[in-house]
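In what follows, a single structure is set out as structure tokens and then discussed.
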There are 2 protein chains.
Amino acid sequence: MRLSRDQIDQLDKHYRTHFINAITGFKSANLVGTVSASGHTNLAVISSVVHVGAHPPLNAMVFRPHSVSRDTLENILATGHYSLNHIHGGMVAKAHQTSARYPREQSEFAATGLGEAWIGDFPAPFVAEARIRIGMGYREHRHLAINDTVLVIGEVLLVEVPDDCVAATGHLDLDRAGTLAINGLDGYHETRQLARLAYAKPDREPRAL
Amino acid sequence: MRLSRDQIDQLDKHYRTHFINAITGFKSANLVGTVSASGHTNLAVISSVVHVGAHPPLNAMVFRPHSVSRDTLENILATGHYSLNHIHGGMVAKAHQTSARYPREQSEFAATGLGEAWIGDFPAPFVAEARIRIGMGYREHRHLAINDTVLVIGEVLLVEVPDDCVAATGHLDLDRAGTLAINGLDGYHETRQLARLAYAKPDREPRAL
């Protein structure tokens, strides 16, 4: 099936939303935990977290400021901190349920039954059930006028991973951690490592590690 | 294992690179195809493509302008077009090999043996072996001074997907297409759908589709 831009623009709205959300491939599966200035906790699925750099450790995510995730964005800008928590199979239904449009004063932790965890004095809530958790500090945001979205860039301040998921090389075993991948708006996928490939060099054939 | 920011900064450089590249979760697995103003084709693995919006259909990706992908960025800015091609298991070794530092005038298509495909009069090359392919038009870029990277935003101009991978609802079956997910710098993972979940509402329990 081949679609031109004109044909894409003429698609039924829901069809187009599912289709375009999936064509870029798999997305990271995280819950972002925040707290408002007045102390209300908030939890939201986010599939747009993307690696930006390792030194300093930075990542970014895209928000639609007028969507259900507007509270999350406001909390990040108000408090300067947030958590990222990998979604695994054992918590996927509750994680997805955080995307329902709850009233602002209702915490998605309480509403979905996911546990609120605080690590040391880090000022944002983590998900108790998650195995890989990152404490993030807000650095900057950019308004993308092209479609009225906001790119939020943050730095990693704290990381927690299960000991048996980290190799001596620093590689993370995301399969073992049960971390899922997201397809489109509503698909959650398990993974299995097919290959790990050596650093590529022009004069060498591809080589599995 | 819990690491503070100080401990992360003190990690061995290679350890930190692998670790931080993996902690955000799975990434999309694409090859970006471009051609230079002088007609040299180029192909590069990119794991940072992220959905930005469906209407208009937009996505973004992060480049390190001084890395091996600098030719790709230059080509996009020079010609205004590029292709995104999902990486599947049958092409993963050749796809990874495009990340080797080939001389500028050597095409990664020829060097790795991946086929160069042209669709209609679209002005960027696609990967013949790929099953899901997107023709992209450059829209804008933002320099992220925080770590000297560049965010490139483009719009979808053309999409090609196998007929048997598209549902009547617009959902894409990425498992069937064999689309992989990337873990860190060198891990390629197969996927299997665990659940597809209905649009979440506050007064309704999570429900599988």
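Residues are referred to by chain and number: the chain letter is A, B, ... according to the order shown in the structure tokens, the number counts from 1 in that chain, and ligands are numbered separately from 1 in the order shown.
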
- Gly90 of chain A environment, 12 Å, only C-alpha atoms, sequence neighbours closer than 5 positions dropped, as a list in words: Ala95, His96, Leu114, Glu129, Ala130, Arg131, Ala177, Gly178, Thr179, Leu180, Tyr188 and Glu190 of chain A; Leu194 and Ala195 of chain B

- Check the DSSP output for the backbone and give back, as an MDAnalysis selection string, the residues of segment 31-204 of chain A in helix (DSSP H, G or I). chainID A and resid 70:79 89:97 108:112 163:165 174:177

Next, the residues of the selection above should be written as a PDB file, in the first residue's frame with C-alpha atoms.
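Saved the output as part-v4.pdb:
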```pdb
ATOM      1  CA  ARG A  70      -0.835  19.033  30.184  1.00  0.00           C
ATOM      2  CA  ASP A  71      -0.713  18.533  33.976  1.00  0.00           C
ATOM      3  CA  THR A  72       2.561  16.645  33.621  1.00  0.00           C
ATOM      4  CA  LEU A  73       4.134  19.447  31.609  1.00  0.00           C
ATOM      5  CA  GLU A  74       2.926  22.080  34.061  1.00  0.00           C
ATOM      6  CA  ASN A  75       4.284  20.104  37.007  1.00  0.00           C
ATOM      7  CA  ILE A  76       7.697  19.713  35.367  1.00  0.00           C
ATOM      8  CA  LEU A  77       7.928  23.426  34.664  1.00  0.00           C
ATOM      9  CA  ALA A  78       6.716  24.266  38.179  1.00  0.00           C
ATOM     10  CA  THR A  79       8.927  21.890  40.171  1.00  0.00           C
ATOM     11  CA  GLY A  89       4.214  -6.584  31.271  1.00  0.00           C
ATOM     12  CA  GLY A  90       3.085  -6.928  34.883  1.00  0.00           C
ATOM     13  CA  MET A  91       1.939  -3.316  35.079  1.00  0.00           C
ATOM     14  CA  VAL A  92       0.851  -2.591  31.512  1.00  0.00           C
ATOM     15  CA  ALA A  93      -2.919  -2.357  32.060  1.00  0.00           C
ATOM     16  CA  LYS A  94      -2.554   0.040  34.994  1.00  0.00           C
ATOM     17  CA  ALA A  95       0.095   2.017  33.114  1.00  0.00           C
ATOM     18  CA  HIS A  96      -2.181   2.465  30.090  1.00  0.00           C
ATOM     19  CA  GLN A  97      -5.060   3.473  32.361  1.00  0.00           C
ATOM     20  CA  GLU A 108      -3.290   8.635  38.641  1.00  0.00           C
ATOM     21  CA  PHE A 109      -1.349   6.631  41.237  1.00  0.00           C
ATOM     22  CA  ALA A 110      -4.444   6.252  43.409  1.00  0.00           C
ATOM     23  CA  ALA A 111      -6.827   5.971  40.460  1.00  0.00           C
ATOM     24  CA  THR A 112      -4.947   3.120  38.780  1.00  0.00           C
ATOM     25  CA  ASP A 163      21.631  -5.689  39.384  1.00  0.00           C
ATOM     26  CA  ASP A 164      21.030  -8.703  37.159  1.00  0.00           C
ATOM     27  CA  CYS A 165      20.096  -6.477  34.194  1.00  0.00           C
ATOM     28  CA  LEU A 174      15.943  -4.704  28.755  1.00  0.00           C
ATOM     29  CA  ASP A 175      14.434  -8.112  27.881  1.00  0.00           C
ATOM     30  CA  ARG A 176      15.253  -9.403  31.351  1.00  0.00           C
ATOM     31  CA  ALA A 177      13.886  -6.203  32.913  1.00  0.00           C
TER      32      ALA A 177
END
```

- Using DSSP on the backbone, list every residue of chain A that comes out as strand (DSSP E or B), and give them as a PyMOL selection string. chain A and resi 2-4+27-28+30-35+41-46+50-54+57-63+81-86+88+116-117+126-127+133-144+149-160+166+172+179+181-183+187-197+208

- Task: Compile the contact shell of Phe63 of chain A as a list in words: residues with an atom at most 7 Å away, counting only C-alpha atoms, same-chain residues fewer than 2 positions apart removed.
- Result: Met61, Pro65, Thr149, Val150 and Leu151 of chain A

- Query: From the set B:Val156, B:Ala44, B:Val32, B:Met136, which residue has the shortest atom-to-atom contact distance to chain A, counting only C-alpha atoms?
  - Reply: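 Going through B:Val156, B:Ala44, B:Val32, B:Met136 one by one, the smallest distance to chain A is for B:Val156.
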
- Message: Just checking: using only C-alpha atoms, which residue out of B:Ile182, B:Ser69, B:Gly53, B:Phe122 ends up closest to Leu144 of chain A?
- Response: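 Among B:Ile182, B:Ser69, B:Gly53, B:Phe122, it is B:Gly53 that comes nearest to Leu144 of chain A.
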
- Query: Quick one: of A:Gly25, A:His143, A:Asp173, A:Asp6, who's nearest to chain B, counting only C-alpha atoms?
  - Reply: A:Gly25

- Message: One number please: atom CA of Ser38 of chain A to atom CA of Ile134 of chain A, in Å, one decimal.
- Response: 22.8 Å

- Query: Within 10 Å of Leu185 of chain B, counting only C-alpha atoms, which residues qualify if same-chain residues fewer than 5 places away don't, as a PyMOL selection string?
  - Reply: (chain A and resi 171+196-199) or (chain B and resi 17-22+27+47+96)

- Could you tell me which of B:Leu11, B:Ala117, B:Leu43, B:Val35 comes closest to Thr169 of chain A if we count only C-alpha atoms?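 Among the listed residues, B:Leu11 lies closest to Thr169 of chain A.
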
- Query: Out of A:Gln10, A:Ser28, A:Gln106, A:Ser83, which residue has the shortest atom-to-atom distance to chain B when counting only C-alpha atoms?
  - Reply: A:Ser28

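Between chain A and the residues B:Leu58, B:Val68, B:Ile146, B:Ala100, the shortest atom-to-atom distance, using only C-alpha atoms, involves B:Ala100.
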
- atom CA of Glu155 of chain B to atom CA of Ala60 of chain B: how many Å, to one decimal?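 Result for atom CA of Glu155 of chain B versus atom CA of Ala60 of chain B: 8.8 Å, one decimal.
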